[in-house]
Structure formats: structure tokens, C-alpha cells
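**Student:** Structure below; questions to follow.
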Amino acid sequence: MTHHPTSQTPRRPLYTPEERRRRDESPWTLVQGVLAPVQFVVFLVSLYLVLRYLATGEGYLVATISVVVKTFVLYAIMITGSIWEKVVFGKYLFARSFFWEDVFSMLVLALHTAYLVVLFAGVLDTRGQMIIALAAYATYLINAGQFLIKLRAARLEGHRKSVGAGALAEAAE
């Protein structure tokens, strides 16, 4: 019979107290907090336009412009996110707390960049271009989900710390 410990092995927190302080004080945290929902809105509009083009054959130019805009917004959030990661963790990419999100972000970037390459090189027809855009968007959705899960974990971790600090303060009284 295998013995299972009743308590879980403690996980490394997403942020050390110093990293949390740097995160909270960094203006790049606000930049990320603004760019992320902007990017999501751009994504939703562009997704609609791409799907409309694929379904009707109409609106290629506006769909194309929307994918290019989405790609440049992605570049902006990736560059500023790398700066944020450097400020908070001391590394531009692949900090331990966001390693897998960063790895998957590279795939997202690669597919968005592949879209720009096929668009400007003219190596695929318009339908093929939009299929690449949809593949890029699918990876973006997965990556956004990864970051939302991490954001939730950070909030729960912060809540546990504040509840624990409150309990300690009450015990001290």
C-alpha cells in the first residue's frame, strides 16, 4: 500500500516578495493591463472579419488590415511584456514563473509573423492567408488562457498572503 502524505508539497510562489514589490511598482504592469484587453478586442473584431471573409468571400482588404493590426498589437504586448519580465524577474523571457507561457508565446509570434510573410511575399492565395491567420488566432487564444490562469493564480496567492497576514495580526492582538 502506498502512503500518500496528507499535505501537499508547498509550491514555489509565482512571485517572491521582492518580485511582487517590483511588479506592483512597475509602470509596465499597467501597460500590460491596458494592452491585454485592447489586444483581445482587436482579436475579436479581426476574427469576425476573417471568418466573414472565409464564409462570404467579401471583405478581404478589411480582414487583412485587421490581421496586420492584430499582429502589431501582439508585437507591442510582447515587447512591453518582455520589458515587464526583465523589471520583475531580471530576465527578458523565460523567467521561471512564466516559462511555459513564454514558450507558447513564441509559437503565437511565429504564426502571426508567418501570416505577414505570406501576405507580403504573396506565396499563398487569400484563403490560405486567412487560414494561417486563424491558426495564429487559435494559438493566441490558448496563450491568453495560459496568462489568465496565471493571473488568477497570482491573485489567489496574494489573497492567501493577505488573509494569512490578517490572521497573524489577529493572533498577535
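Each chain in the C-alpha cells gets a letter, A, B and so on, in the order shown; residues start at 1 in every chain, and ligands are counted from 1 in the order they appear.
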Find the spatial neighbours of A:Phe89, counting only C-alpha atoms, within a cut-off of 10 Å - ignore same-chain residues fewer than 6 positions away - and output them as a list in words.

**Tutor:**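 Counting only C-alpha atoms, the residues come to Tyr15, Thr16, Glu18, Glu19, Arg20, Arg22, Arg23, Ile83, Ala95, Arg96, Ser97 and Phe98 of chain A.
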
**Student:** Could you find all residues in stretch 6-153 of chain A that DSSP calls alpha helix (DSSP H) from the backbone, and write them as a ChimeraX atom specification?

**Tutor:** /A:17-25,27-56,60-89,99-121,126-153

**Student:** Closest to A:Ile149 among A:Ala135, A:Glu101, A:Thr64, A:Val117, using only C-alpha atoms?

**Tutor:**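 Of all the options, A:Glu101 lies closest to A:Ile149.
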
**Student:** Determine, for each residue of stretch 72-167 of chain A having at least one atom at most 8 Å from an atom of stretch 27-37 of chain A, the closest pair of atoms and their separation in Å to one decimal, counting only C-alpha atoms; order by chain and ascending number, as JSON lines.

**Tutor:**
{"residue": "A:Val73", "atom": "CA", "partner": "A:Leu35", "partner_atom": "CA", "distance": 7.9}
{"residue": "A:Ile77", "atom": "CA", "partner": "A:Leu35", "partner_atom": "CA", "distance": 6.2}
{"residue": "A:Thr80", "atom": "CA", "partner": "A:Trp28", "partner_atom": "CA", "distance": 6.9}
{"residue": "A:Gly81", "atom": "CA", "partner": "A:Gln32", "partner_atom": "CA", "distance": 6.6}
{"residue": "A:Ile83", "atom": "CA", "partner": "A:Trp28", "partner_atom": "CA", "distance": 7.4}
{"residue": "A:Trp84", "atom": "CA", "partner": "A:Trp28", "partner_atom": "CA", "distance": 5.3}

**Student:** Could you list, as a VMD selection string, every residue within 9 Å of A:Ser26, counting only C-alpha atoms and ignoring same-chain residues fewer than 5 positions away?

**Tutor:** chain A and resid 21 84 87 to 88

**Student:** For the residues in that selection, give me C-alpha atoms as a PDB file, in the first residue's frame.

**Tutor:**
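The resulting file, part-v4.pdb, is reproduced below:
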ATOM      1  CA  ARG A  21       7.010  44.616  -4.997  1.00  0.00           C
ATOM      2  CA  TRP A  84       7.993  43.899 -17.685  1.00  0.00           C
ATOM      3  CA  VAL A  87      11.931  44.516 -14.464  1.00  0.00           C
ATOM      4  CA  VAL A  88      10.128  41.971 -12.294  1.00  0.00           C
TER       5      VAL A  88
END

**Student:** Taking only C-alpha atoms into account, name the residue in A:Leu74, A:Val118, A:Ile79, A:Leu107 that is nearest to A:Val41.

**Tutor:**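 Answer, going by the shortest atom-to-atom distance: A:Leu74.
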
**Student:** Identify, on the basis of only C-alpha atoms, every residue whose closest approach to A:Tyr115 does not exceed 10 Å; exclude the query and any residue fewer than 6 positions from it along the same chain; express the result as a tab-separated table (two decimals) with N, CA and C atoms, in the first residue's frame.

**Tutor:**
chain	number	residue	atom	x	y	z
A	64	THR	N	-7.74	41.68	-43.93
A	64	THR	CA	-6.27	41.70	-43.98
A	64	THR	C	-5.72	42.81	-43.08
A	67	VAL	N	-5.93	41.80	-39.46
A	67	VAL	CA	-4.92	40.82	-39.04
A	67	VAL	C	-3.56	41.51	-38.86
A	68	VAL	N	-3.24	42.42	-39.74
A	68	VAL	CA	-1.98	43.16	-39.62
A	68	VAL	C	-2.00	43.99	-38.34
A	71	THR	N	-1.55	41.78	-35.40
A	71	THR	CA	-0.16	41.33	-35.30
A	71	THR	C	0.72	42.40	-34.68
A	109	LEU	N	3.82	34.14	-31.80
A	109	LEU	CA	4.58	35.11	-32.61
A	109	LEU	C	4.97	34.54	-33.97
A	121	ALA	N	4.84	38.40	-49.20
A	121	ALA	CA	5.55	37.66	-50.25
A	121	ALA	C	4.58	37.17	-51.32
A	124	LEU	N	0.84	32.60	-50.89
A	124	LEU	CA	-0.41	31.85	-50.75
A	124	LEU	C	-1.56	32.68	-51.28
A	128	GLY	N	-5.65	30.86	-48.13
A	128	GLY	CA	-4.52	30.30	-47.38
A	128	GLY	C	-3.99	31.27	-46.35
A	129	GLN	N	-3.94	32.55	-46.72
A	129	GLN	CA	-3.50	33.58	-45.78
A	129	GLN	C	-4.43	33.62	-44.57
A	130	MET	N	-5.72	33.57	-44.82
A	130	MET	CA	-6.69	33.65	-43.72
A	130	MET	C	-6.67	32.39	-42.86
A	131	ILE	N	-6.35	31.27	-43.44
A	131	ILE	CA	-6.22	30.02	-42.66
A	131	ILE	C	-5.02	30.15	-41.70
A	132	ILE	N	-3.93	30.73	-42.18
A	132	ILE	CA	-2.78	30.97	-41.30
A	132	ILE	C	-3.18	31.94	-40.18
A	133	ALA	N	-3.94	32.96	-40.53
A	133	ALA	CA	-4.41	33.91	-39.51
A	133	ALA	C	-5.24	33.18	-38.45
A	134	LEU	N	-6.11	32.28	-38.88
A	134	LEU	CA	-6.92	31.52	-37.92
A	134	LEU	C	-6.06	30.62	-37.04
A	135	ALA	N	-5.03	30.01	-37.61
A	135	ALA	CA	-4.11	29.20	-36.80
A	135	ALA	C	-3.40	30.08	-35.78
A	136	ALA	N	-2.98	31.26	-36.20
A	136	ALA	CA	-2.34	32.19	-35.28
A	136	ALA	C	-3.31	32.58	-34.17

**Student:** How far is it from atom CA of A:Ile142 to atom CA of A:Ser66, in Å with one decimal?

**Tutor:** 19.9 Å

**Student:** Could you check the closest approach to A:Tyr92 for each of A:Leu47, A:Phe104, A:Met78, A:Leu111 and tell me which residue wins, using only C-alpha atoms?

**Tutor:**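 Under the stated criterion, the closest residue is A:Met78.
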
**Student:** Which residue out of A:Val62, A:Leu49, A:Leu141, A:Leu14 has the minimum interatomic distance to A:Phe99 when only C-alpha atoms are used?

**Tutor:** A:Leu14

**Student:** To one decimal place in Å, what is the distance between atom CA of A:Ala55 and atom CA of A:Asp125?

**Tutor:** 15.4 Å

**Student:** Return the single residue from A:His112, A:Glu25, A:Trp100, A:Lys70 that is closest to A:Lys150, with distances computed using only C-alpha atoms.

**Tutor:** A:Trp100
